[in-house]
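*Asks:* Sending over a structure as structure tokens; questions will come in a sec.
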Amino acid sequence: MTGLRERKKEATRVALREAALRLALEHGPANVRVDDIAEAAGVSPRTYNNYFSSREEAIVAAVTADRESRIAAAVTERLSETRLAEAIVDAITAQYTDPGEQSRDALLLITTNPGLRTAFLDAPAALEDPLQEVIATRVGDPQTARVLAASIAAAVRVALEQWTQPAGNGLVVVSGSLPDLLRRMLEPLVPALDAAEA
């Protein structure tokens, strides 16, 4: 159970990322300052800087928040009934392709803005630690788990890069099926996951 301090920190993080997204959708990301986000969330700009390093990171966090913990939980839940590779591929595909109603507008905003796209492509790195823990409990070797988790995060990033290709005119164009791209990029890792689990 989390303590009061941790709950307050999480509430502040949520308020900041929600304010960042709301303001970006209302005014456009280029017209949103860190001071505006902090004020909308009821905190100081200094407090804002304790949580996010840029406005882009805060805006993207509204879409990607807690995804890594949901993926790890989904993998853990399925491990009793399926092999590790299948659980990971299914969990990642499900979490990345069911954005919810509010996130649809946010994804459009992110994919049409180069700065937000960069922050979006950096987000899969947060998968490494939670996945490493889950994989280590299954394979018993922390170093192997670390390598596999880093490889999975890299594969997700490559899929997202292909999905949000920059066009020649500076815009970003969403192309292809994200579930298919994710599965295709994760497929080369399946033998390694199977071997580690054996």
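Chain identifiers are assigned as A, B, and so on, following the order in which chains appear in the structure tokens; residues are numbered from 1 within each chain, and ligands are numbered from 1 in order of appearance.
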Can you tell me which residues surround region 130-140 of chain A at a distance of at most 12 Å, considering only C-alpha atoms, apart from same-chain residues fewer than 3 positions away, and format the answer as number ranges by chain?
*Replies:* A: 66-80, 82-85, 87-89, 91-92, 124-127, 143-153, 192-198
*Asks:* So which residues touch Ala123 (chain A) within 12 Å, counting only C-alpha atoms, skipping near sequence neighbours fewer than 5 positions away, as a PyMOL selection string?
*Replies:* chain A and resi 56-68+96+116-118+128+153-154+156-158+160-161
*Asks:* Would you please work out which residue, of A:Arg7, A:Arg184, A:Arg33, A:Arg46, is nearest to Ala159 (chain A) when using only C-alpha atoms?
*Replies:*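 Among the listed residues, the smallest separation from Ala159 (chain A) belongs to A:Arg184.
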*Asks:* Which residues come within 12 Å of Gly42 (chain A), counting only C-alpha atoms, excluding same-chain residues fewer than 2 positions away, as a list in words?
*Replies:* Ala11, Thr12, Arg13, Val14, Ala15, Leu16, Ala19, Asp35, Asp36, Ile37, Ala38, Glu39, Ala40, Ser44, Pro45, Arg46, Thr47 and Tyr48 of chain A
*Asks:* Pick out the closest residue to Arg104 (chain A) from this set: A:Leu25, A:Ser53, A:Thr164, A:Val34. Count only C-alpha atoms.
*Replies:*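 Checking each of A:Leu25, A:Ser53, A:Thr164, A:Val34 against Arg104 (chain A), counting only C-alpha atoms, the winner is A:Leu25.
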*Asks:* Quick one: DSSP alpha helix (DSSP H) residues in chain A, as number ranges by chain?
*Replies:* A: 4-27, 34-41, 45-51, 55-64, 67-78, 84-97, 101-111, 114-122, 128-139, 142-163, 178-186, 190-197
*Asks:* Which residues are close to Leu186 (chain A), i.e. within 6 Å by only C-alpha atoms, leaving aside same-chain residues fewer than 3 positions away? Reply as a ChimeraX atom specification.
*Replies:* /A:155,183,189
*Asks:* Would you put the residues from that selection into a file with N, CA and C atoms, as a PDB file, in the first residue's frame?
*Replies:*
```pdb
ATOM      1  N   ALA A 155      12.315  -2.794 -29.978  1.00  0.00           N
ATOM      2  CA  ALA A 155      11.414  -3.256 -31.041  1.00  0.00           C
ATOM      3  C   ALA A 155      10.137  -2.419 -31.081  1.00  0.00           C
ATOM      4  N   ARG A 183       3.654  -6.564 -33.874  1.00  0.00           N
ATOM      5  CA  ARG A 183       3.878  -8.012 -33.939  1.00  0.00           C
ATOM      6  C   ARG A 183       5.081  -8.350 -34.833  1.00  0.00           C
ATOM      7  N   LEU A 189      12.222 -11.552 -31.703  1.00  0.00           N
ATOM      8  CA  LEU A 189      12.603 -11.783 -30.309  1.00  0.00           C
ATOM      9  C   LEU A 189      11.943 -13.046 -29.720  1.00  0.00           C
TER      10      LEU A 189
END
```
*Asks:* Pick from A:Leu121, A:Leu109, A:Pro188, A:Ser54: nearest to His27 (chain A), with only C-alpha atoms counted?
*Replies:*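 Distance minimum relative to His27 (chain A) lands on A:Leu109.
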*Asks:* Which value, in Å to one decimal, gives the distance between CA of Asp90 (chain A) and CA of Gln162 (chain A)?
*Replies:* 19.3 Å
*Asks:* Point out the residue among A:Ala94, A:Ala20, A:Ala30, A:Leu182 with the least atom-to-atom distance to Pro114 (chain A), counting only C-alpha atoms.
*Replies:*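 Closest residue, counting only C-alpha atoms: A:Ala30.
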